[in-house]
file data_11.cif (mmCIF, C-alpha atoms)
data_final
loop_
_atom_site.label_atom_id
_atom_site.label_comp_id
_atom_site.auth_asym_id
_atom_site.auth_seq_id
_atom_site.Cartn_x
_atom_site.Cartn_y
_atom_site.Cartn_z
CA MET T 1 30.34 -18.25 -166.91
CA VAL T 2 33.52 -16.27 -167.47
CA SER T 3 37.18 -16.99 -167.00
CA HIS T 4 39.34 -14.70 -164.88
CA CYS T 5 42.89 -14.69 -163.67
CA HIS T 6 44.01 -14.02 -160.14
CA VAL T 7 47.42 -14.49 -158.61
CA ALA T 8 48.60 -15.60 -155.21
CA SER T 9 52.09 -15.35 -153.74
CA LEU T 10 54.16 -18.10 -152.17
CA HIS T 11 57.18 -17.56 -149.91
CA VAL T 12 59.58 -20.49 -149.68
CA SER T 13 63.19 -21.08 -148.79
CA SER T 14 63.63 -24.22 -150.85
CA LEU T 15 61.49 -26.22 -153.21
CA SER T 16 62.22 -29.54 -154.83
CA SER T 17 61.50 -30.29 -158.49
CA ALA T 18 59.04 -32.95 -157.34
CA THR T 19 57.15 -30.32 -155.34
CA LEU T 20 57.07 -28.05 -158.35
CA ALA T 21 55.77 -30.85 -160.54
CA SER T 22 53.02 -31.73 -158.10
CA SER T 23 51.99 -28.10 -157.70
CA ARG T 24 51.52 -27.76 -161.46
CA ASP T 25 48.96 -30.54 -161.42
CA ARG T 26 47.13 -29.55 -158.25
CA GLU T 27 43.53 -28.41 -158.58
CA HIS T 28 41.12 -27.18 -155.95
CA SER T 29 37.49 -26.18 -156.15
CA LEU T 30 36.26 -22.70 -155.30
CA SER T 31 32.80 -21.15 -155.64
CA GLY T 32 31.67 -23.81 -158.05
CA GLY T 33 34.73 -23.41 -160.28
CA THR T 34 38.34 -24.61 -160.18
CA ILE T 35 41.73 -23.16 -159.39
CA ASP T 36 44.60 -24.46 -161.45
CA ASN T 37 47.80 -23.73 -159.51
CA GLY T 38 50.92 -23.41 -161.63
CA ALA T 39 54.28 -22.64 -160.04
CA ARG T 40 57.47 -21.75 -161.77
CA ILE T 41 60.83 -20.39 -160.78
CA ILE T 42 61.50 -17.05 -162.43
CA SER T 43 64.97 -15.98 -163.47
CA GLY T 44 66.36 -14.63 -166.72
CA GLY T 45 63.33 -16.08 -168.54
CA ALA T 46 60.01 -17.58 -167.50
CA GLY T 47 60.35 -21.17 -166.45
CA CYS T 48 64.16 -21.09 -166.15
CA ALA T 49 65.36 -22.66 -162.92
CA CYS T 50 68.58 -20.67 -162.57
CA ALA T 51 69.23 -17.80 -160.10
CA ALA T 52 67.54 -14.48 -160.83
CA SER T 53 68.93 -11.02 -160.20
CA PRO T 54 67.01 -8.92 -157.64
CA GLN T 55 66.37 -6.33 -160.34
CA ALA T 56 64.81 -8.86 -162.70
CA ILE T 57 62.76 -10.33 -159.89
CA ARG T 58 61.42 -6.95 -158.81
CA ARG T 59 60.49 -6.05 -162.38
CA LYS T 60 58.52 -9.29 -162.64
CA VAL T 61 56.89 -8.89 -159.24
CA ASN T 62 55.78 -5.31 -159.76
CA LYS T 63 54.50 -5.77 -163.28
CA GLY T 64 51.17 -6.75 -161.79
CA ARG T 65 51.02 -3.68 -159.54
CA ARG T 66 51.35 -1.33 -162.49
CA ARG T 67 49.04 -3.21 -164.87
CA ARG T 68 45.47 -3.47 -163.66
CA ASN T 69 43.47 -5.56 -166.08
CA ASN T 70 40.16 -5.75 -164.24
CA TYR T 71 40.53 -9.50 -163.98
CA THR T 72 40.62 -10.01 -167.73
CA GLY T 73 44.32 -10.89 -167.67
CA CYS T 74 46.87 -12.24 -165.23
CA LYS T 75 48.47 -10.13 -162.53
CA GLU T 76 51.57 -11.58 -160.97
CA ASN T 77 53.10 -11.12 -157.55
CA ALA T 78 55.55 -12.96 -155.41
CA THR T 79 57.67 -12.76 -152.33
CA TRP T 80 61.11 -14.21 -152.17
CA GLY T 81 63.28 -15.68 -149.50
CA GLY T 82 66.04 -18.13 -149.14
CA GLY T 83 67.97 -20.44 -146.93
CA GLY T 84 71.73 -20.78 -146.79
CA GLY T 85 72.21 -17.53 -148.70
CA THR T 86 70.23 -18.73 -151.72
CA GLN T 87 67.37 -16.56 -152.95
CA ILE T 88 64.66 -17.96 -155.15
CA MET T 89 61.45 -16.57 -156.51
CA ILE T 90 58.21 -18.42 -156.90
CA ILE T 91 55.39 -17.01 -158.99
CA VAL T 92 52.10 -18.76 -158.48
CA SER T 93 49.45 -18.14 -161.14
CA VAL T 94 45.97 -19.02 -160.05
CA CYS T 95 43.36 -19.09 -162.82
CA LEU T 96 39.76 -18.93 -161.72
CA LYS T 97 37.88 -20.84 -164.40
CA GLU T 98 34.16 -20.76 -164.86
CA LEU T 99 33.75 -18.33 -161.98
CA ALA T 100 30.11 -17.63 -161.26
CA SER T 101 29.13 -14.32 -162.80
CA SER T 102 26.60 -13.30 -160.17
CA PRO T 103 27.00 -9.74 -158.77
CA SER T 104 27.74 -11.07 -155.28
CA THR T 105 30.59 -13.23 -156.54
CA ARG T 106 32.07 -10.44 -158.64
CA SER T 107 32.00 -7.97 -155.76
CA ARG T 108 33.65 -10.52 -153.47
CA VAL T 109 36.48 -11.06 -155.93
CA LEU T 110 37.06 -7.34 -156.44
CA LYS T 111 37.00 -6.68 -152.70
CA ASP T 112 39.61 -9.36 -152.07
CA ASP T 113 41.89 -8.08 -154.83
CA THR T 114 44.23 -6.10 -152.57
CA LEU T 115 47.41 -5.33 -154.42
CA PRO T 116 50.55 -6.48 -152.57
CA PHE T 117 53.12 -4.07 -151.16
CA SER T 118 55.85 -3.18 -153.64
CA ALA T 119 58.75 -5.61 -153.81
CA PHE T 120 60.98 -2.67 -154.70
CA LEU T 121 60.39 -1.23 -151.22
CA THR T 122 60.60 -4.55 -149.36
CA ASP T 123 64.04 -5.59 -148.18
CA SER T 124 65.52 -9.06 -147.79
CA PHE T 125 64.33 -9.19 -144.16
CA GLY T 126 60.70 -8.54 -145.10
CA ARG T 127 60.63 -4.92 -143.89
CA ARG T 128 58.17 -2.81 -145.89
CA HIS T 129 59.31 0.77 -146.37
CA SER T 130 56.15 2.86 -146.41
CA TYR T 131 57.67 6.02 -144.90
CA LEU T 132 59.85 8.42 -146.92
CA ARG T 133 61.73 11.35 -145.41
CA ILE T 134 62.63 14.03 -147.96
CA SER T 135 65.19 16.71 -147.15
CA LEU T 136 64.17 19.92 -148.92
CA THR T 137 67.33 21.90 -148.19
CA GLU T 138 70.74 21.70 -146.57
CA LYS T 139 70.43 25.24 -145.24
CA CYS T 140 69.33 26.08 -141.71
CA ASN T 141 68.85 29.23 -139.68
CA LEU T 142 70.24 27.54 -136.55
CA ARG T 143 73.57 25.81 -135.83
CA CYS T 144 72.66 23.03 -133.38
CA GLN T 145 75.72 21.37 -131.87
CA TYR T 146 74.57 17.79 -132.46
CA CYS T 147 73.53 18.51 -136.05
CA MET T 148 76.08 20.85 -137.61
CA PRO T 149 79.87 20.93 -137.08
CA GLU T 150 81.09 24.07 -135.33
CA GLU T 151 83.01 25.10 -138.46
CA GLY T 152 79.86 24.71 -140.57
CA VAL T 153 79.40 22.52 -143.64
CA LYS T 154 80.17 22.94 -147.31
CA LEU T 155 76.80 23.31 -149.00
CA THR T 156 76.02 21.51 -152.23
CA PRO T 157 75.85 23.89 -155.22
CA ARG T 158 72.26 24.77 -156.02
CA ALA T 159 72.40 23.17 -159.47
CA GLN T 160 73.16 19.83 -157.81
CA LEU T 161 70.14 19.95 -155.48
CA LEU T 162 66.84 18.39 -156.45
CA THR T 163 64.48 20.76 -158.18
CA THR T 164 60.86 20.99 -157.11
CA ALA T 165 59.80 18.98 -160.15
CA GLU T 166 62.35 16.26 -159.30
CA VAL T 167 61.22 16.10 -155.67
CA LEU T 168 57.62 15.68 -156.75
CA ARG T 169 58.42 13.12 -159.44
CA LEU T 170 60.32 10.93 -156.97
CA ALA T 171 57.64 11.39 -154.31
CA ARG T 172 54.99 10.33 -156.81
CA LEU T 173 57.02 7.22 -157.71
CA PHE T 174 57.48 6.18 -154.08
CA VAL T 175 53.80 6.76 -153.24
CA HIS T 176 52.77 4.69 -156.26
CA GLU T 177 54.85 1.83 -154.88
CA GLY T 178 53.29 1.95 -151.40
CA VAL T 179 54.73 4.87 -149.41
CA ASP T 180 51.84 6.38 -147.44
CA LYS T 181 53.73 8.84 -145.23
CA ILE T 182 56.17 11.55 -146.27
CA ARG T 183 58.06 13.75 -143.84
CA LEU T 184 59.75 16.93 -145.06
CA THR T 185 63.02 17.70 -143.31
CA GLY T 186 66.20 19.72 -143.84
CA GLY T 187 68.26 21.62 -142.91
CA GLU T 188 65.24 23.65 -142.03
CA PRO T 189 62.45 22.82 -144.51
CA LEU T 190 60.41 25.93 -143.75
CA ILE T 191 63.08 28.24 -145.19
CA ARG T 192 62.56 26.72 -148.65
CA PRO T 193 60.54 29.34 -150.57
CA ASP T 194 58.23 26.84 -152.28
CA VAL T 195 57.56 24.58 -149.30
CA LEU T 196 53.83 25.44 -149.38
CA ASP T 197 53.60 24.53 -153.06
CA ILE T 198 55.39 21.24 -152.45
CA ILE T 199 52.99 20.28 -149.64
CA ALA T 200 49.99 21.24 -151.77
CA GLU T 201 51.21 19.06 -154.64
CA LEU T 202 51.98 16.14 -152.32
CA ARG T 203 48.45 16.42 -150.97
CA LYS T 204 47.15 15.52 -154.41
CA LEU T 205 48.92 12.14 -154.48
CA GLU T 206 46.44 9.31 -154.21
CA GLY T 207 47.49 6.88 -151.50
CA LEU T 208 49.52 9.37 -149.47
CA LYS T 209 47.88 9.42 -146.05
CA THR T 210 50.21 11.62 -144.02
CA ILE T 211 52.37 14.68 -144.72
CA ALA T 212 54.60 15.70 -141.82
CA VAL T 213 57.28 18.31 -141.21
CA THR T 214 60.19 18.38 -138.78
CA THR T 215 61.11 21.99 -138.03
CA ASN T 216 63.19 24.02 -135.62
CA GLY T 217 60.12 26.20 -135.13
CA MET T 218 61.74 29.55 -135.90
CA ASN T 219 59.32 30.38 -138.76
CA LEU T 220 56.48 28.15 -137.65
CA ALA T 221 54.07 30.62 -136.03
CA ARG T 222 54.11 32.82 -139.14
CA LEU T 223 53.71 30.00 -141.67
CA LEU T 224 51.47 27.54 -139.85
CA PRO T 225 48.07 28.81 -141.08
CA LYS T 226 49.21 28.44 -144.70
CA LEU T 227 50.91 25.12 -143.96
CA LYS T 228 47.67 23.75 -142.61
CA ASP T 229 45.70 25.06 -145.57
CA SER T 230 48.20 23.37 -147.90
CA GLY T 231 47.58 20.01 -146.23
CA LEU T 232 50.13 19.54 -143.45
CA ASP T 233 49.02 16.77 -141.09
CA LEU T 234 51.74 16.38 -138.47
CA LEU T 235 54.39 18.54 -136.79
CA ASN T 236 57.62 17.73 -135.01
CA ILE T 237 59.38 20.70 -133.43
CA SER T 238 62.96 20.54 -132.21
CA LEU T 239 63.60 22.02 -128.76
CA ASP T 240 66.44 20.87 -126.51
CA THR T 241 66.10 23.22 -123.55
CA LEU T 242 63.53 25.35 -121.77
CA ILE T 243 66.14 27.91 -120.70
CA PRO T 244 66.60 30.79 -123.17
CA ALA T 245 70.32 31.31 -122.46
CA LYS T 246 71.04 27.61 -122.85
CA PHE T 247 69.01 27.53 -126.05
CA GLU T 248 71.32 30.16 -127.51
CA PHE T 249 74.36 28.13 -126.45
CA ILE T 250 73.07 24.86 -127.99
CA VAL T 251 71.86 26.28 -131.31
CA ARG T 252 74.42 29.12 -131.51
CA ARG T 253 71.62 31.56 -132.34
CA LYS T 254 68.84 33.48 -130.57
CA GLY T 255 65.21 32.49 -131.03
CA PHE T 256 63.89 30.54 -128.02
CA HIS T 257 60.71 32.62 -127.79
CA LYS T 258 59.97 32.14 -131.51
CA VAL T 259 60.07 28.36 -131.04
CA MET T 260 57.76 28.50 -128.02
CA GLU T 261 55.40 30.74 -130.00
CA GLY T 262 55.37 28.14 -132.76
CA ILE T 263 54.50 25.35 -130.32
CA ASP T 264 51.65 27.41 -128.84
CA LYS T 265 50.38 28.26 -132.32
CA ALA T 266 50.33 24.58 -133.31
CA LEU T 267 48.29 23.74 -130.20
CA GLU T 268 45.95 26.65 -130.88
CA MET T 269 45.34 25.43 -134.43
CA GLY T 270 44.38 21.97 -133.24
CA TYR T 271 47.45 19.87 -133.98
CA ASN T 272 47.28 16.96 -131.58
CA PRO T 273 49.72 15.79 -130.57
CA VAL T 274 52.36 18.40 -131.12
CA LYS T 275 55.60 16.45 -131.01
CA VAL T 276 58.63 18.10 -129.43
CA ASN T 277 62.00 16.48 -130.18
CA CYS T 278 64.62 16.83 -127.46
CA VAL T 279 68.15 15.47 -127.96
CA VAL T 280 69.49 14.69 -124.50
CA MET T 281 73.20 15.29 -123.91
CA ARG T 282 74.94 14.66 -120.62
CA GLY T 283 76.31 17.78 -119.02
CA LEU T 284 74.12 19.99 -121.16
CA ASN T 285 70.40 19.36 -120.74
CA GLU T 286 69.80 16.05 -118.94
CA ASP T 287 68.90 18.11 -115.85
CA GLU T 288 65.79 19.36 -117.69
CA ILE T 289 64.16 16.00 -118.38
CA LEU T 290 61.57 16.42 -115.62
CA ASP T 291 60.77 19.96 -116.77
CA PHE T 292 60.01 18.64 -120.26
CA VAL T 293 57.75 15.93 -118.84
CA ALA T 294 55.89 18.63 -116.85
CA LEU T 295 55.06 20.32 -120.18
CA THR T 296 52.75 17.39 -120.95
CA GLU T 297 50.58 17.90 -117.86
CA LYS T 298 48.21 20.52 -119.28
CA LYS T 299 48.90 20.41 -123.01
CA PRO T 300 48.63 17.59 -125.61
CA ILE T 301 52.35 17.66 -126.27
CA GLU T 302 54.38 14.53 -126.95
CA VAL T 303 57.94 15.11 -125.81
CA ARG T 304 60.29 12.69 -127.52
CA PHE T 305 63.63 12.26 -125.76
CA ILE T 306 66.27 11.28 -128.32
CA GLU T 307 69.52 9.58 -127.46
CA TYR T 308 72.55 11.53 -128.65
CA MET T 309 73.72 9.94 -131.91
CA PRO T 310 77.10 10.10 -133.70
CA PHE T 311 77.38 12.02 -136.98
CA ASP T 312 80.30 13.68 -138.68
CA GLY T 313 81.46 16.76 -136.82
CA ASN T 314 79.19 16.59 -133.75
CA LYS T 315 81.95 15.42 -131.35
CA TRP T 316 79.92 12.46 -130.13
CA ASN T 317 81.32 10.28 -127.40
CA PHE T 318 79.82 7.57 -125.23
CA LYS T 319 80.06 9.62 -122.02
CA LYS T 320 77.78 12.32 -123.44
CA MET T 321 75.02 9.86 -124.27
CA VAL T 322 72.17 9.42 -121.79
CA SER T 323 70.42 6.10 -122.39
CA TYR T 324 66.65 5.84 -122.53
CA GLN T 325 66.68 3.55 -119.49
CA GLU T 326 68.51 6.17 -117.45
CA MET T 327 66.01 8.82 -118.56
CA LEU T 328 63.11 6.51 -117.75
CA ASP T 329 64.43 5.79 -114.26
CA CYS T 330 64.83 9.50 -113.62
CA ILE T 331 61.21 10.20 -114.60
CA LYS T 332 59.86 7.31 -112.55
CA GLN T 333 61.49 8.70 -109.42
CA GLN T 334 59.29 11.79 -109.81
CA TRP T 335 56.22 10.01 -111.24
CA PRO T 336 56.26 6.37 -110.08
CA ALA T 337 52.90 5.72 -111.77
CA LEU T 338 54.34 6.43 -115.23
CA GLU T 339 52.80 3.88 -117.56
CA MET T 340 53.71 2.54 -120.96
CA VAL T 341 51.26 3.26 -123.77
CA PRO T 342 50.72 1.24 -126.95
CA THR T 343 52.57 2.34 -130.09
CA GLY T 344 52.49 1.24 -133.72
CA HIS T 345 54.67 -1.59 -134.97
CA ALA T 346 56.99 0.75 -136.88
CA ASP T 347 57.00 3.65 -134.40
CA THR T 348 60.47 4.77 -133.40
CA ALA T 349 59.51 6.05 -129.95
CA LYS T 350 58.71 3.96 -126.88
CA GLY T 351 55.65 5.72 -125.46
CA TYR T 352 54.85 6.54 -121.82
CA LYS T 353 52.33 8.69 -120.01
CA VAL T 354 51.87 10.10 -116.55
CA PRO T 355 48.28 9.20 -115.55
CA GLY T 356 46.08 12.28 -115.73
CA PHE T 357 48.45 14.26 -117.95
CA ALA T 358 47.15 15.60 -121.26
CA GLY T 359 50.25 14.68 -123.23
CA LYS T 360 52.84 11.92 -123.15
CA VAL T 361 56.54 11.24 -123.54
CA GLY T 362 58.52 8.96 -125.78
CA PHE T 363 62.08 7.69 -126.03
CA ILE T 364 63.97 7.20 -129.27
CA SER T 365 66.61 4.69 -128.23
CA SER T 366 68.63 4.42 -131.44
CA MET T 367 71.86 3.76 -129.57
CA SER T 368 71.05 1.69 -126.47
CA ASP T 369 68.07 -0.32 -127.76
CA HIS T 370 67.76 -0.06 -131.52
CA PHE T 371 64.52 -0.67 -133.42
CA CYS T 372 66.07 -1.72 -136.74
CA GLY T 373 63.88 -4.82 -136.97
CA SER T 374 60.74 -2.73 -137.54
CA CYS T 375 62.33 0.05 -139.60
CA ASN T 376 60.06 1.23 -142.42
CA ARG T 377 61.92 4.44 -143.33
CA LEU T 378 63.87 5.59 -146.36
CA ARG T 379 65.61 8.95 -146.74
CA LEU T 380 66.08 11.17 -149.75
CA THR T 381 68.75 13.84 -149.26
CA ALA T 382 68.47 17.36 -150.66
CA ASP T 383 71.04 16.49 -153.34
CA GLY T 384 69.01 13.48 -154.44
CA ASN T 385 70.74 10.56 -152.76
CA LEU T 386 68.73 7.64 -151.38
CA LYS T 387 69.81 6.47 -147.93
CA VAL T 388 68.18 3.25 -146.77
CA CYS T 389 69.60 3.63 -143.24
CA LEU T 390 70.18 6.79 -141.23
CA PHE T 391 73.50 5.42 -140.00
CA GLY T 392 74.60 3.72 -143.20
CA ASN T 393 77.22 5.41 -145.35
CA SER T 394 76.15 3.83 -148.63
CA GLU T 395 74.02 6.02 -150.88
CA VAL T 396 72.74 5.93 -154.45
CA SER T 397 72.04 9.04 -156.53
CA LEU T 398 68.52 9.20 -157.90
CA ARG T 399 69.20 12.74 -159.09
CA ASP T 400 71.86 11.55 -161.53
CA GLU T 401 69.56 8.86 -162.87
CA LEU T 402 66.71 11.33 -163.29
CA ARG T 403 68.90 13.75 -165.19
CA SER T 404 70.28 11.03 -167.43
CA GLY T 405 66.75 10.26 -168.59
CA ALA T 406 66.02 7.13 -166.54
CA THR T 407 62.59 5.61 -166.99
CA GLU T 408 60.30 4.73 -164.11
CA THR T 409 61.30 1.08 -164.45
CA GLN T 410 64.99 1.93 -164.34
CA LEU T 411 64.51 4.13 -161.28
CA LEU T 412 62.60 1.36 -159.53
CA ASP T 413 65.37 -1.11 -160.34
CA ILE T 414 67.92 1.19 -158.68
CA ILE T 415 65.68 1.83 -155.67
CA GLY T 416 64.91 -1.86 -155.31
CA ALA T 417 68.58 -2.81 -155.46
CA ALA T 418 69.43 -0.27 -152.75
CA VAL T 419 66.59 -1.42 -150.50
CA GLY T 420 67.62 -5.03 -151.11
CA ARG T 421 71.10 -4.26 -149.76
CA LYS T 422 69.78 -2.80 -146.50
CA LYS T 423 71.40 -4.51 -143.53
CA LYS T 424 69.54 -6.21 -140.71
CA GLN T 425 70.64 -3.55 -138.21
CA HIS T 426 73.11 -0.72 -137.79
CA ALA T 427 76.67 -1.33 -136.66
CA GLY T 428 76.23 -0.35 -132.99
CA MET T 429 77.03 2.96 -131.33
CA LEU T 430 80.75 2.41 -130.78
CA ASN T 431 81.30 1.31 -134.37
CA LEU T 432 79.06 4.08 -135.67
CA SER T 433 81.19 6.68 -133.89
CA LYS T 434 84.16 5.56 -136.02
CA MET T 435 82.31 5.34 -139.34
CA LYS T 436 82.27 8.07 -141.96
CA ASN T 437 78.80 9.51 -142.45
CA ARG T 438 77.28 12.83 -143.40
CA PRO T 439 76.66 15.49 -140.74
CA MET T 440 73.03 15.29 -139.69
CA ILE T 441 72.19 18.56 -141.45
CA LEU T 442 73.20 17.04 -144.81
CA ILE T 443 71.11 13.92 -144.22
CA GLY T 444 67.83 15.44 -143.15
CA GLY T 445 67.22 13.39 -140.01
#
call {"tool": "encode", "arguments": {"input": "data_11.cif", "output": "structure tokens"}}
result
Amino acid sequence: MVSHCHVASLHVSSLSSATLASSRDREHSLSGGTIDNGARIISGGAGCACAASPQAIRRKVNKGRRRRNNYTGCKENATWGGGGGTQIMIIVSVCLKELASSPSTRSRVLKDDTLPFSAFLTDSFGRRHSYLRISLTEKCNLRCQYCMPEEGVKLTPRAQLLTTAEVLRLARLFVHEGVDKIRLTGGEPLIRPDVLDIIAELRKLEGLKTIAVTTNGMNLARLLPKLKDSGLDLLNISLDTLIPAKFEFIVRRKGFHKVMEGIDKALEMGYNPVKVNCVVMRGLNEDEILDFVALTEKKPIEVRFIEYMPFDGNKWNFKKMVSYQEMLDCIKQQWPALEMVPTGHADTAKGYKVPGFAGKVGFISSMSDHFCGSCNRLRLTADGNLKVCLFGNSEVSLRDELRSGATETQLLDIIGAAVGRKKKQHAGMLNLSKMKNRPMILIGG
């Protein structure tokens, strides 16, 4: 017989001293052995019953994720919550004494030892942030009206942008803590000279399931074979009109046929679905909604209609926004049998499909029907700032911390504090239109 340690987590909003005392003495039997449950409130020091800082709590919680002792020592995890604005942390240590040493018992214990999701990436509302969007550049070869101010933007000096090594170090840190999807954005990510090298290095990260790119499609047809070889899993291509002259007006550049060539190349190379992002603006392209839906009849394309969102310099106003419900009603007039399709819990788009069509459509209703409650996304800007909300104007510089010699633990403390401050939902479209925020091109979408 051998003695092992295992740890369980307990989420509570309040706990009396009597409850704590009784939990210390409680014993249960399991597999012929015993579990001795010991609970303690963690703060500045083990066993202290005063309030703990989020940073100290996260360090304690994640210690167990980074130290794997093959069941020869204790691993600790906890979740925290609170009522009436009070946050407390409970760590429950469960020691498995005299555990049977048979192979079947050992394999069962190891199989059940699933490490918990990182507390650093879990906010105060329980949202787990497993999706990181990394902007590789602020530069773009188009000038889309909803993304870049007409007068352009002042670009960050190159020395203040994240280097390739810094991008990969931060990506590695986030993946180690539970991020399993990374999307590369911009600007236009495919104009970064080392984008193929970055994707290839990301592909090596254990635990990273999905690498995606959002692109304007201008360089896609030429680069796609190498992108696929490097390990690119998913593609989102921006296209707001199917009329070449209107394309030039919206993006202030030529190139419609290059984008269409990129979409066709992605389909040819087996990407399924190929997602096409269309920002719908009243008086500009809302008359093309049905034409975009028709694209999905023969091809496995997922057209995602995006409500027009306010960012610095894009001249947003409520009258220009076409709500998802209005778009949906328009489509149903043409295709009454349009049906809703299941989507993942954290998916941003509400999915629909015309029966018999090869592709489908989706609606990203950030303004009229937000999905903040299931948000699992974090954003890293090209200059190294962490944004926990697309519409939030609070940021924290990870670049500065990296360059000042911050350790992994210190970086995680900063990330965890930022995630912990994430609000329940954004401020609403009318308030957002008055708030200071970056232009979309400097965020990365």
call {"tool": "resolve_selection", "arguments": {"input": "data_11.cif", "expression": "the PyMOL selection byres ((chain T and resi 420) around 9)", "output": "PDB file with C-alpha atoms, keeping the file's coordinate frame"}}
result
ATOM      1  CA  PRO T  54      67.010  -8.920-157.640  1.00  0.00           C
ATOM      2  CA  PHE T 120      60.980  -2.670-154.700  1.00  0.00           C
ATOM      3  CA  LEU T 121      60.390  -1.230-151.220  1.00  0.00           C
ATOM      4  CA  THR T 122      60.600  -4.550-149.360  1.00  0.00           C
ATOM      5  CA  ASP T 123      64.040  -5.590-148.180  1.00  0.00           C
ATOM      6  CA  SER T 124      65.520  -9.060-147.790  1.00  0.00           C
ATOM      7  CA  PHE T 125      64.330  -9.190-144.160  1.00  0.00           C
ATOM      8  CA  ILE T 415      65.680   1.830-155.670  1.00  0.00           C
ATOM      9  CA  GLY T 416      64.910  -1.860-155.310  1.00  0.00           C
ATOM     10  CA  ALA T 417      68.580  -2.810-155.460  1.00  0.00           C
ATOM     11  CA  ALA T 418      69.430  -0.270-152.750  1.00  0.00           C
ATOM     12  CA  VAL T 419      66.590  -1.420-150.500  1.00  0.00           C
ATOM     13  CA  ARG T 421      71.100  -4.260-149.760  1.00  0.00           C
ATOM     14  CA  LYS T 422      69.780  -2.800-146.500  1.00  0.00           C
ATOM     15  CA  LYS T 423      71.400  -4.510-143.530  1.00  0.00           C
TER      16      LYS T 423
END
call {"tool": "resolve_selection", "arguments": {"input": "data_11.cif", "expression": "the PyMOL selection byres ((chain T and resi 304) around 12)", "output": "ChimeraX atom specification"}}
result
/T:236-240,273-280,289,292-293,295-296,301-303,305-307,324,327-328,347-353,359-365
call {"tool": "atom_distance", "arguments": {"input": "data_11.cif", "atom1": "atom CA of T:Ser397", "atom2": "atom CA of T:Gln410"}}
result
12.7 Å
call {"tool": "residues_near_point", "arguments": {"input": "data_11.cif", "point": "(75.6, 3.2, -155.3)", "cutoff": "10 Å", "atoms": "only C-alpha atoms", "output": "number ranges by chain"}}
result
T: 385-387, 394-398, 414, 417-418
call {"tool": "atom_distance", "arguments": {"input": "data_11.cif", "atom1": "atom CA of T:Arg203", "atom2": "atom CA of T:Gly186"}}
result
19.4 Å
call {"tool": "atom_distance", "arguments": {"input": "data_11.cif", "atom1": "atom CA of T:Arg403", "atom2": "atom CA of T:Leu162"}}
result
10.1 Å
call {"tool": "residues_around", "arguments": {"input": "data_11.cif", "residues": "T:Tyr271", "least_positions_apart": "6", "cutoff": "12 Å", "atoms": "only C-alpha atoms", "output": "compact mmCIF listing (two decimals) with C-alpha atoms, in the coordinates of the input"}}
result
# COMPACT_ATOMS: atom_id res chain seq x y z
CA ALA T 212 54.60 15.70 -141.82
CA LEU T 224 51.47 27.54 -139.85
CA PRO T 225 48.07 28.81 -141.08
CA LEU T 227 50.91 25.12 -143.96
CA LYS T 228 47.67 23.75 -142.61
CA LEU T 232 50.13 19.54 -143.45
CA ASP T 233 49.02 16.77 -141.09
CA LEU T 234 51.74 16.38 -138.47
CA LEU T 235 54.39 18.54 -136.79
CA ASN T 236 57.62 17.73 -135.01
CA ILE T 237 59.38 20.70 -133.43
CA GLY T 262 55.37 28.14 -132.76
CA ILE T 263 54.50 25.35 -130.32
CA ASP T 264 51.65 27.41 -128.84
CA LYS T 265 50.38 28.26 -132.32
CA LYS T 299 48.90 20.41 -123.01
CA PRO T 300 48.63 17.59 -125.61
CA ILE T 301 52.35 17.66 -126.27
CA GLU T 302 54.38 14.53 -126.95
call {"tool": "resolve_selection", "arguments": {"input": "data_11.cif", "expression": "the PyMOL selection byres ((chain T and resi 190) around 10)", "output": "list in words"}}
result
Leu136, Thr137, Cys140, Asn141, Leu184, Thr185, Gly186, Gly187, Glu188, Pro189, Ile191, Arg192, Pro193, Asp194, Val195, Leu196, Val213, Thr214, Thr215, Asn216, Gly217, Met218, Asn219, Leu220, Leu223, Leu224 and Leu227 of chain T
call {"tool": "closest_residue", "arguments": {"input": "data_11.cif", "among": "T:Arg158, T:Lys424, T:Lys139, T:Arg183", "to": "T:Leu380", "atoms": "all atoms listed in the file"}}
result
T:Arg183
call {"tool": "closest_residue", "arguments": {"input": "data_11.cif", "among": "T:Leu202, T:Cys372, T:Ile243, T:Ile250", "to": "T:Val167", "atoms": "only C-alpha atoms"}}
result
T:Leu202
call {"tool": "closest_residue", "arguments": {"input": "data_11.cif", "among": "T:Leu170, T:Ala159, T:Val251, T:Leu205", "to": "T:Ala406", "atoms": "all atoms listed in the file"}}
result
T:Leu170
call {"tool": "closest_residue", "arguments": {"input": "data_11.cif", "among": "T:Gln425, T:Ser118, T:Thr156, T:Thr163", "to": "T:Arg399", "atoms": "only C-alpha atoms"}}
result
T:Thr163
call {"tool": "closest_residue", "arguments": {"input": "data_11.cif", "among": "T:Lys258, T:Lys154, T:Lys181, T:His176", "to": "T:Arg377", "atoms": "all atoms listed in the file"}}
result
T:Lys181
